[in-house]
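So this one's my_file.cif, mmCIF, C-alpha atoms:
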data_protein
#
loop_
_atom_site.label_atom_id
_atom_site.label_comp_id
_atom_site.auth_asym_id
_atom_site.auth_seq_id
_atom_site.Cartn_x
_atom_site.Cartn_y
_atom_site.Cartn_z
CA MET A 1 0.00 0.00 0.00
CA GLU A 2 2.82 2.42 0.82
CA LYS A 3 4.49 1.78 -2.56
CA TYR A 4 1.17 2.30 -4.32
CA LYS A 5 0.70 5.64 -2.55
CA GLU A 6 4.29 6.62 -3.34
CA ILE A 7 3.89 5.95 -7.07
CA ARG A 8 0.60 7.82 -7.19
CA GLN A 9 2.10 10.81 -5.42
CA LEU A 10 5.05 10.87 -7.81
CA LEU A 11 2.65 10.80 -10.77
CA ILE A 12 0.54 13.59 -9.29
CA GLY A 13 3.76 15.60 -8.87
CA VAL A 14 4.49 15.23 -12.58
CA VAL A 15 0.88 16.17 -13.42
CA GLU A 16 1.30 19.38 -11.45
CA ASP A 17 4.89 20.34 -12.30
CA GLY A 18 5.93 18.43 -15.42
CA THR A 19 6.12 19.64 -19.00
CA PRO A 20 2.74 19.71 -20.79
CA THR A 21 3.51 16.41 -22.55
CA LEU A 22 4.65 14.59 -19.40
CA SER A 23 1.86 16.13 -17.32
CA SER A 24 -0.80 14.88 -19.71
CA PHE A 25 0.74 11.41 -19.92
CA ALA A 26 1.14 11.14 -16.12
CA ALA A 27 -2.56 11.99 -15.74
CA TRP A 28 -3.38 9.22 -18.21
CA ILE A 29 -1.20 6.75 -16.29
CA LEU A 30 -3.03 7.56 -13.04
CA ASP A 31 -6.19 6.17 -14.66
CA HIS A 32 -4.42 3.25 -16.37
CA LEU A 33 -1.72 2.25 -13.88
CA ASN A 34 -2.56 -1.45 -14.10
CA ASP A 35 -1.90 -1.39 -17.85
CA VAL A 36 1.78 -0.62 -17.16
CA ALA A 37 2.20 -4.15 -15.81
CA PHE A 38 1.10 -5.76 -19.08
CA GLN A 39 2.35 -3.40 -21.80
CA SER A 40 5.70 -2.83 -23.46
CA ILE A 41 6.92 0.71 -24.02
CA ARG A 42 5.51 0.71 -27.53
CA GLY A 43 2.26 -0.93 -26.46
CA LEU A 44 1.66 1.62 -23.72
CA ALA A 45 2.59 4.47 -26.05
CA THR A 46 0.05 3.23 -28.59
CA MET A 47 -2.68 3.00 -25.96
CA ALA A 48 -1.97 6.50 -24.66
CA GLU A 49 -1.32 7.95 -28.12
CA VAL A 50 2.09 9.32 -27.14
CA ASN A 51 5.63 8.90 -28.46
CA PRO A 52 7.49 5.88 -27.00
CA ASN A 53 10.19 8.29 -25.82
CA THR A 54 7.58 9.94 -23.60
CA VAL A 55 7.03 6.62 -21.80
CA THR A 56 10.75 6.32 -21.03
CA ARG A 57 10.99 9.99 -20.01
CA LEU A 58 8.14 9.59 -17.55
CA ALA A 59 9.70 6.51 -15.93
CA ARG A 60 12.93 8.44 -15.42
CA GLU A 61 11.04 11.49 -14.16
CA LEU A 62 9.54 9.18 -11.51
CA GLY A 63 13.05 8.19 -10.39
CA TYR A 64 13.46 4.86 -12.22
CA ASP A 65 16.42 3.87 -14.38
CA GLY A 66 14.00 3.04 -17.15
CA TYR A 67 10.54 1.78 -18.02
CA GLU A 68 11.22 -1.85 -17.12
CA ALA A 69 12.01 -0.96 -13.50
CA PHE A 70 8.79 1.06 -13.31
CA ARG A 71 6.82 -1.85 -14.79
CA GLN A 72 8.27 -4.33 -12.29
CA ASP A 73 7.19 -2.11 -9.38
CA VAL A 74 3.65 -1.94 -10.75
CA ARG A 75 3.60 -5.72 -11.30
CA SER A 76 4.59 -6.28 -7.68
CA LEU A 77 1.60 -4.19 -6.60
CA LEU A 78 -0.79 -6.29 -8.69
CA ASN A 79 0.57 -9.49 -7.19
CA ARG A 80 -0.10 -8.41 -3.60
CA PRO A 81 -2.72 -10.42 -1.66
CA ARG A 82 -6.28 -9.17 -1.79
CA SER A 83 -7.14 -6.81 1.05
CA GLN A 84 -9.62 -8.17 3.57
CA TYR A 85 -11.89 -5.86 5.54
CA SER A 86 -10.70 -7.58 8.70
CA ASP A 87 -7.11 -6.62 7.77
CA ARG A 88 -8.20 -3.00 7.40
CA ALA A 89 -9.86 -3.13 10.81
CA GLN A 90 -6.74 -4.65 12.35
CA ALA A 91 -4.58 -1.92 10.80
CA LEU A 92 -6.87 0.75 12.23
CA SER A 93 -6.57 -0.73 15.70
CA GLN A 94 -2.82 -0.04 15.57
CA LYS A 95 -3.13 3.66 14.68
CA THR A 96 -3.56 6.70 16.89
CA GLY A 97 -6.43 9.13 16.37
CA SER A 98 -4.22 11.83 14.84
CA ASP A 99 -2.66 9.32 12.40
CA ILE A 100 -6.10 8.22 11.24
CA TRP A 101 -7.31 11.79 10.67
CA GLN A 102 -4.20 12.79 8.74
CA GLU A 103 -4.04 9.66 6.57
CA ALA A 104 -7.77 9.68 5.84
CA LEU A 105 -7.77 13.36 4.87
CA PHE A 106 -4.66 13.00 2.72
CA SER A 107 -5.93 9.92 0.90
CA SER A 108 -9.36 11.48 0.34
CA TRP A 109 -7.78 14.57 -1.16
CA THR A 110 -5.54 12.43 -3.37
CA ASN A 111 -8.49 10.30 -4.49
CA VAL A 112 -10.42 13.39 -5.56
CA GLU A 113 -7.39 14.86 -7.36
CA THR A 114 -7.00 11.63 -9.29
CA LEU A 115 -10.68 11.57 -10.21
CA PHE A 116 -10.43 15.08 -11.64
CA THR A 117 -7.91 14.28 -14.37
CA ARG A 118 -8.66 15.65 -17.82
CA GLU A 119 -9.30 12.18 -19.19
CA ALA A 120 -11.64 11.18 -16.36
CA LEU A 121 -13.66 14.36 -16.78
CA ALA A 122 -13.77 13.78 -20.54
CA THR A 123 -15.19 10.28 -19.92
CA LEU A 124 -17.82 11.74 -17.60
CA ASP A 125 -18.72 14.31 -20.23
CA GLU A 126 -19.15 11.59 -22.84
CA CYS A 127 -21.76 9.93 -20.60
CA VAL A 128 -24.04 12.94 -20.13
CA ASP A 129 -25.93 13.11 -23.44
CA PRO A 130 -26.38 9.31 -23.73
CA LEU A 131 -27.82 9.22 -20.18
CA LEU A 132 -30.26 11.98 -21.10
CA GLU A 133 -31.25 10.19 -24.31
CA ALA A 134 -31.53 6.65 -22.87
CA LYS A 135 -34.99 5.15 -22.71
CA LYS A 136 -34.31 3.99 -19.15
CA VAL A 137 -31.44 4.51 -16.72
CA TYR A 138 -31.02 1.72 -14.15
CA SER A 139 -28.83 1.99 -11.04
CA LEU A 140 -27.22 -1.03 -9.39
CA GLY A 141 -25.45 -1.31 -6.07
CA VAL A 142 -25.73 -3.59 -3.05
CA ARG A 143 -24.36 -3.62 0.50
CA SER A 144 -22.13 -0.55 0.99
CA CYS A 145 -22.75 0.59 -2.59
CA PHE A 146 -26.54 0.56 -2.25
CA SER A 147 -26.54 4.08 -0.81
CA ILE A 148 -24.69 5.43 -3.86
CA ALA A 149 -27.01 3.68 -6.31
CA HIS A 150 -30.05 4.81 -4.32
CA TYR A 151 -28.92 8.45 -4.30
CA PHE A 152 -28.25 8.41 -8.04
CA SER A 153 -31.65 6.91 -8.89
CA TYR A 154 -33.56 9.00 -6.33
CA ALA A 155 -32.07 12.35 -7.32
CA GLY A 156 -32.12 11.41 -10.99
CA ALA A 157 -35.81 10.47 -10.90
CA MET A 158 -36.60 13.91 -9.48
CA ALA A 159 -35.25 15.62 -12.57
CA PHE A 160 -35.52 13.05 -15.37
CA ASP A 161 -38.35 10.83 -16.55
CA ASN A 162 -36.09 7.96 -17.64
CA PHE A 163 -34.55 7.09 -14.24
CA VAL A 164 -35.70 3.82 -12.66
CA HIS A 165 -35.61 3.56 -8.87
CA VAL A 166 -32.93 1.23 -7.54
CA PRO A 167 -34.27 -2.24 -6.64
CA ALA A 168 -34.22 -3.12 -2.95
CA MET A 169 -36.26 -6.32 -2.60
CA PRO A 170 -34.63 -9.77 -2.85
CA GLY A 171 -34.65 -10.93 -6.47
CA ALA A 172 -35.70 -7.52 -7.75
CA ILE A 173 -32.35 -6.79 -9.40
CA LEU A 174 -32.66 -9.66 -11.85
CA ASP A 175 -36.38 -8.98 -12.36
CA GLN A 176 -35.59 -5.39 -13.29
CA ILE A 177 -32.44 -5.82 -15.39
CA SER A 178 -33.88 -8.74 -17.36
CA ARG A 179 -36.20 -6.17 -18.96
CA ALA A 180 -33.35 -3.92 -20.12
CA THR A 181 -33.02 -3.15 -23.83
CA PRO A 182 -30.33 -1.74 -26.14
CA ASP A 183 -31.91 1.68 -25.59
CA ASP A 184 -31.12 1.56 -21.86
CA ILE A 185 -28.08 2.33 -19.71
CA VAL A 186 -27.22 0.44 -16.53
CA VAL A 187 -25.09 2.39 -14.04
CA ALA A 188 -23.41 -0.18 -11.79
CA ILE A 189 -21.11 0.28 -8.83
CA THR A 190 -19.05 -2.36 -7.06
CA TYR A 191 -15.46 -2.81 -5.93
CA GLU A 192 -13.23 -5.58 -4.62
CA HIS A 193 -14.59 -8.03 -3.35
CA TYR A 194 -17.11 -7.34 -6.16
CA SER A 195 -20.72 -8.16 -5.29
CA SER A 196 -21.88 -11.22 -7.20
CA GLU A 197 -25.40 -9.78 -7.63
CA VAL A 198 -24.04 -6.72 -9.46
CA VAL A 199 -21.56 -8.70 -11.56
CA ARG A 200 -24.33 -11.07 -12.66
CA ALA A 201 -26.73 -8.19 -13.38
CA CYS A 202 -24.15 -6.49 -15.59
CA GLN A 203 -23.73 -9.70 -17.57
CA VAL A 204 -27.52 -9.91 -18.02
CA ALA A 205 -27.58 -6.26 -19.12
CA ARG A 206 -24.81 -6.82 -21.67
CA ASP A 207 -26.54 -9.92 -23.00
CA ALA A 208 -29.68 -7.82 -23.46
CA GLY A 209 -27.69 -5.23 -25.41
CA ALA A 210 -27.91 -2.51 -22.75
CA ARG A 211 -24.92 -0.25 -22.18
CA VAL A 212 -23.14 -0.63 -18.84
CA LEU A 213 -21.53 2.37 -17.16
CA ALA A 214 -19.19 0.77 -14.63
CA LEU A 215 -18.18 2.72 -11.53
CA THR A 216 -15.48 0.52 -10.07
CA ASP A 217 -11.98 0.40 -8.61
CA SER A 218 -10.07 -1.19 -11.49
CA TYR A 219 -10.10 -1.68 -15.23
CA GLN A 220 -9.69 -5.38 -14.43
CA SER A 221 -12.94 -5.34 -12.40
CA PRO A 222 -15.46 -7.96 -13.61
CA ILE A 223 -18.03 -5.24 -14.34
CA ALA A 224 -15.48 -3.29 -16.42
CA ILE A 225 -15.16 -6.18 -18.88
CA GLY A 226 -17.32 -5.38 -21.89
CA ALA A 227 -18.66 -2.20 -20.29
CA TRP A 228 -19.72 0.75 -22.46
CA LYS A 229 -17.82 3.20 -20.24
CA VAL A 230 -15.63 2.67 -17.18
CA ILE A 231 -14.99 5.30 -14.54
CA ARG A 232 -12.21 4.05 -12.31
CA LEU A 233 -12.80 5.23 -8.77
CA PRO A 234 -9.74 5.96 -6.61
CA MET A 235 -10.71 4.47 -3.23
CA SER A 236 -7.53 4.39 -1.14
CA GLY A 237 -7.36 5.27 2.54
CA PRO A 238 -7.25 3.75 6.02
CA GLN A 239 -11.03 3.52 6.38
CA LEU A 240 -12.75 0.33 7.49
CA MET A 241 -13.88 -0.21 3.88
CA PRO A 242 -12.60 1.36 0.63
CA SER A 243 -13.60 5.01 0.44
CA LEU A 244 -16.78 5.76 -1.51
CA THR A 245 -16.22 9.53 -1.62
CA THR A 246 -15.26 9.53 -5.30
CA ALA A 247 -18.27 7.36 -6.19
CA PHE A 248 -20.62 9.89 -4.61
CA ILE A 249 -18.84 12.80 -6.31
CA THR A 250 -19.06 11.02 -9.66
CA CYS A 251 -22.82 10.66 -9.30
CA GLU A 252 -23.16 14.30 -8.29
CA LEU A 253 -21.11 15.42 -11.29
CA LEU A 254 -23.16 13.36 -13.73
CA LEU A 255 -26.49 14.60 -12.34
CA SER A 256 -25.30 18.21 -12.31
CA ALA A 257 -24.12 18.08 -15.92
CA MET A 258 -27.32 16.33 -17.02
CA THR A 259 -29.45 18.97 -15.30
CA ALA A 260 -27.47 21.76 -16.96
CA ARG A 261 -28.17 20.28 -20.42
CA SER A 262 -31.81 19.30 -19.90
CA PRO A 263 -34.59 21.75 -20.85
CA ASN A 264 -37.05 20.04 -18.48
CA ALA A 265 -35.01 19.15 -15.38
CA ALA A 266 -35.63 22.34 -13.40
CA GLU A 267 -39.39 22.17 -14.01
CA ASN A 268 -39.50 18.49 -13.03
CA VAL A 269 -37.66 19.17 -9.76
CA ALA A 270 -40.00 22.07 -8.98
CA LYS A 271 -43.04 19.81 -9.47
CA PHE A 272 -41.49 17.14 -7.23
CA GLU A 273 -40.73 19.63 -4.47
CA SER A 274 -44.20 21.13 -4.69
CA ALA A 275 -45.91 17.74 -4.36
CA ILE A 276 -43.78 16.61 -1.40
CA SER A 277 -44.31 19.94 0.33
CA HIS A 278 -48.06 19.88 -0.32
CA TYR A 279 -48.44 16.48 1.33
CA GLY A 280 -46.30 17.34 4.34
CA GLY A 281 -43.12 15.58 3.36
CA TYR A 282 -40.96 18.55 4.36
CA PHE A 283 -41.04 19.77 7.96
CA LYS A 284 -42.20 23.33 8.51
CA ASP A 285 -42.16 25.32 11.75
#
Target encoding structure tokens, full file:
Amino acid sequence: MEKYKEIRQLLIGVVEDGTPTLSSFAAWILDHLNDVAFQSIRGLATMAEVNPNTVTRLARELGYDGYEAFRQDVRSLLNRPRSQYSDRAQALSQKTGSDIWQEALFSSWTNVETLFTREALATLDECVDPLLEAKKVYSLGVRSCFSIAHYFSYAGAMAFDNFVHVPAMPGAILDQISRATPDDIVVAITYEHYSSEVVRACQVARDAGARVLALTDSYQSPIAIGAWKVIRLPMSGPQLMPSLTTAFITCELLLSAMTARSPNAAENVAKFESAISHYGGYFKD
């Protein structure tokens, strides 16, 4: 974990202080770090649409003798054992209060900085019009991710007619997603250990021809495979479970951009507020 944080911080340093070419490439690497483990210099350059010399220059800028040394460090990170929640709890029990506050705040800030790369924002922007134009927008998340999916569907349904409320009853996920069509988008969120219900639902959605927008922690995530769009969520930190701050921010960004582009969203929200207020849903002195 410390090596992972060190590499990310070095990359963020290049994003902030490097030449325009290296800054842009370092930002790309932050969203595609796992690809370093499996690509040659030329392969990575092709993926990122940069000159192979830029790949070597970045590795040296990060303090490595060359690209191969950088790749070996990334490979060692991918080979580390899977993190268990119990391990995270045990690690927390060995920290002081001040250490927890500082590490949690630092990692949260770093996660948000990583989310706000130019490429990540471009991917978000590419999702806005299709979400507005979809016949139906489904939201999927269970256990800790249910709150994110619920917020996205609840707030989205206030403003847009095509949002379907997130399923909560046992068996309702499959019942709902089995009716998806190629005109629909399924927004799914899960992270390691990857909820089997969400992974299965995404497979059903893909089989039905629906587009899957995967909010997940890795491009190797099972819901990222075959997805229409993938937004990789930085989730590091000492918390009991991986941090969901960036997932919530992603949903807020999407809904805000959709509202800005929709001619009917403001009117729909006003009608919703009026009805809830009329029937006493909002407390008044």
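When the PyMOL selection byres ((chain A and resi 154) around 12) is evaluated against the file, it yields Val137, Tyr138, Ser139, Phe146, Ser147, Ile148, Ala149, His150, Tyr151, Phe152, Ser153, Ala155, Gly156, Ala157, Met158, Ala159, Phe160, Asp161, Asn162, Phe163, Val164, His165, Val166, Pro167, Cys251, Glu252, Leu255, Val269 and Phe272 of chain A.
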(Q) Would you pick out the contacts of region 216-221 of chain A at 10 Å or less, using all atoms listed in the file, so that residues sharing its chain but fewer than 2 positions from it are not included, and give the list as number ranges by chain? (A) A: 31-35, 188-194, 199, 213-214, 223-225, 227, 230-236, 242, 247
Q. Could you spell out the hits of the PyMOL selection byres ((chain A and resi 41) around 12) on the shown file, as a PyMOL selection string?
A. chain A and resi 35-40+42-59+66-71
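As for CA of Gln102 (chain A) and CA of Leu62 (chain A), they are spaced 24.7 Å apart.
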(Q) I want to know what sits within 8 Å of Ala205 (chain A), based on all atoms listed in the file, with residues of the same chain fewer than 4 positions away left out; could you give that as a PyMOL selection string? (A) chain A and resi 177-178+180-181+186+201+209-212
With C-alpha atoms retained, write the just-selected residues as a compact mmCIF listing (two decimals), in the coordinates of the input.
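Writing done, so here's out_20.txt:
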# COMPACT_ATOMS: atom_id res chain seq x y z
CA ILE A 177 -32.44 -5.82 -15.39
CA SER A 178 -33.88 -8.74 -17.36
CA ALA A 180 -33.35 -3.92 -20.12
CA THR A 181 -33.02 -3.15 -23.83
CA VAL A 186 -27.22 0.44 -16.53
CA ALA A 201 -26.73 -8.19 -13.38
CA GLY A 209 -27.69 -5.23 -25.41
CA ALA A 210 -27.91 -2.51 -22.75
CA ARG A 211 -24.92 -0.25 -22.18
CA VAL A 212 -23.14 -0.63 -18.84
Q) Given the file above and the PyMOL selection byres ((chain A and resi 82-97) around 9), which residues are selected, and can you give them as a list of chain:residue names? A)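 When the PyMOL selection byres ((chain A and resi 82-97) around 9) is applied, the selected residues are A:Asn79, A:Arg80, A:Pro81, A:Ser98, A:Asp99, A:Ile100, A:Trp101, A:Gln102, A:Glu192, A:His193, A:Pro238, A:Gln239, A:Leu240, A:Met241, A:Pro242.
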Q: Compare A:Leu140, A:Leu30, A:Val14, A:Ile249 by their minimum atom-to-atom distance to Arg60 (chain A), counting all atoms listed in the file, and give me the closest one.
A: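 For Arg60 (chain A), the nearest of the candidates is A:Val14.
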**Q.** Polymer residues at most 9 Å from (-29.0, 12.1, -20.7) by only C-alpha atoms, as an NGL selection string
**A.** :A and (127-134 or 137 or 160 or 162 or 258-259 or 261-262)
Restricting the output to C-alpha atoms, write the selected residues as a PDB file, in the coordinates of the input.
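The result, stored in part.pdb:
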ATOM      1  CA  CYS A 127     -21.760   9.930 -20.600  1.00  0.00           C
ATOM      2  CA  VAL A 128     -24.040  12.940 -20.130  1.00  0.00           C
ATOM      3  CA  ASP A 129     -25.930  13.110 -23.440  1.00  0.00           C
ATOM      4  CA  PRO A 130     -26.380   9.310 -23.730  1.00  0.00           C
ATOM      5  CA  LEU A 131     -27.820   9.220 -20.180  1.00  0.00           C
ATOM      6  CA  LEU A 132     -30.260  11.980 -21.100  1.00  0.00           C
ATOM      7  CA  GLU A 133     -31.250  10.190 -24.310  1.00  0.00           C
ATOM      8  CA  ALA A 134     -31.530   6.650 -22.870  1.00  0.00           C
ATOM      9  CA  VAL A 137     -31.440   4.510 -16.720  1.00  0.00           C
ATOM     10  CA  PHE A 160     -35.520  13.050 -15.370  1.00  0.00           C
ATOM     11  CA  ASN A 162     -36.090   7.960 -17.640  1.00  0.00           C
ATOM     12  CA  MET A 258     -27.320  16.330 -17.020  1.00  0.00           C
ATOM     13  CA  THR A 259     -29.450  18.970 -15.300  1.00  0.00           C
ATOM     14  CA  ARG A 261     -28.170  20.280 -20.420  1.00  0.00           C
ATOM     15  CA  SER A 262     -31.810  19.300 -19.900  1.00  0.00           C
TER      16      SER A 262
END
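When all atoms listed in the file are used to measure the gap to Val204 (chain A), the shortest distance among A:Phe25, A:Leu174, A:Gly226, A:Tyr4 belongs to A:Leu174.
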**Q.** Which of A:Tyr282, A:Tyr64, A:Trp28, A:Phe106 sits closest to Arg118 (chain A) [using only C-alpha atoms]
**A.**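 The shortest atom-to-atom distance to Arg118 (chain A) comes from A:Trp28.
In terms of minimum interatomic distance to Thr246 (chain A), A:Glu113 ranks closest within A:Asp175, A:Glu119, A:Glu113, A:Asp184, counting all atoms listed in the file.
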Q.
With distances taken over all atoms listed in the file, which residue among A:Ile276, A:Val142, A:Ala27, A:Ala266 lies nearest Leu115 (chain A)?
A.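 Going through A:Ile276, A:Val142, A:Ala27, A:Ala266 one by one, the smallest distance to Leu115 (chain A) is for A:Ala27.
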Q: Kindly give the distance, in Å, that separates CA of Lys5 (chain A) and CA of Gly18 (chain A), rounded to a single decimal.
A: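 So the two atoms, CA of Lys5 (chain A) and CA of Gly18 (chain A), lie 18.9 Å apart.
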Kindly list the centre and edge lengths in Å, rounded to one decimal, for the axis-aligned box that covers all listed atoms of region 270-273 of chain A plus 4 Å on each of its six sides, as JSON.
{"center_x": -41.5, "center_y": 19.6, "center_z": -7.0, "size_x": 11.0, "size_y": 12.9, "size_z": 13.0}
Q. Between CA of Leu253 (chain A) and CA of Thr114 (chain A), what is the distance, to one decimal in Å?
A.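 The value is 14.7 Å.
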Q: Pick out the closest residue to Asn111 (chain A) from this set: A:Gln203, A:Thr250, A:Ser76, A:Ser24. Count all atoms listed in the file.
A: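 Under the stated criterion, the closest residue is A:Thr250.
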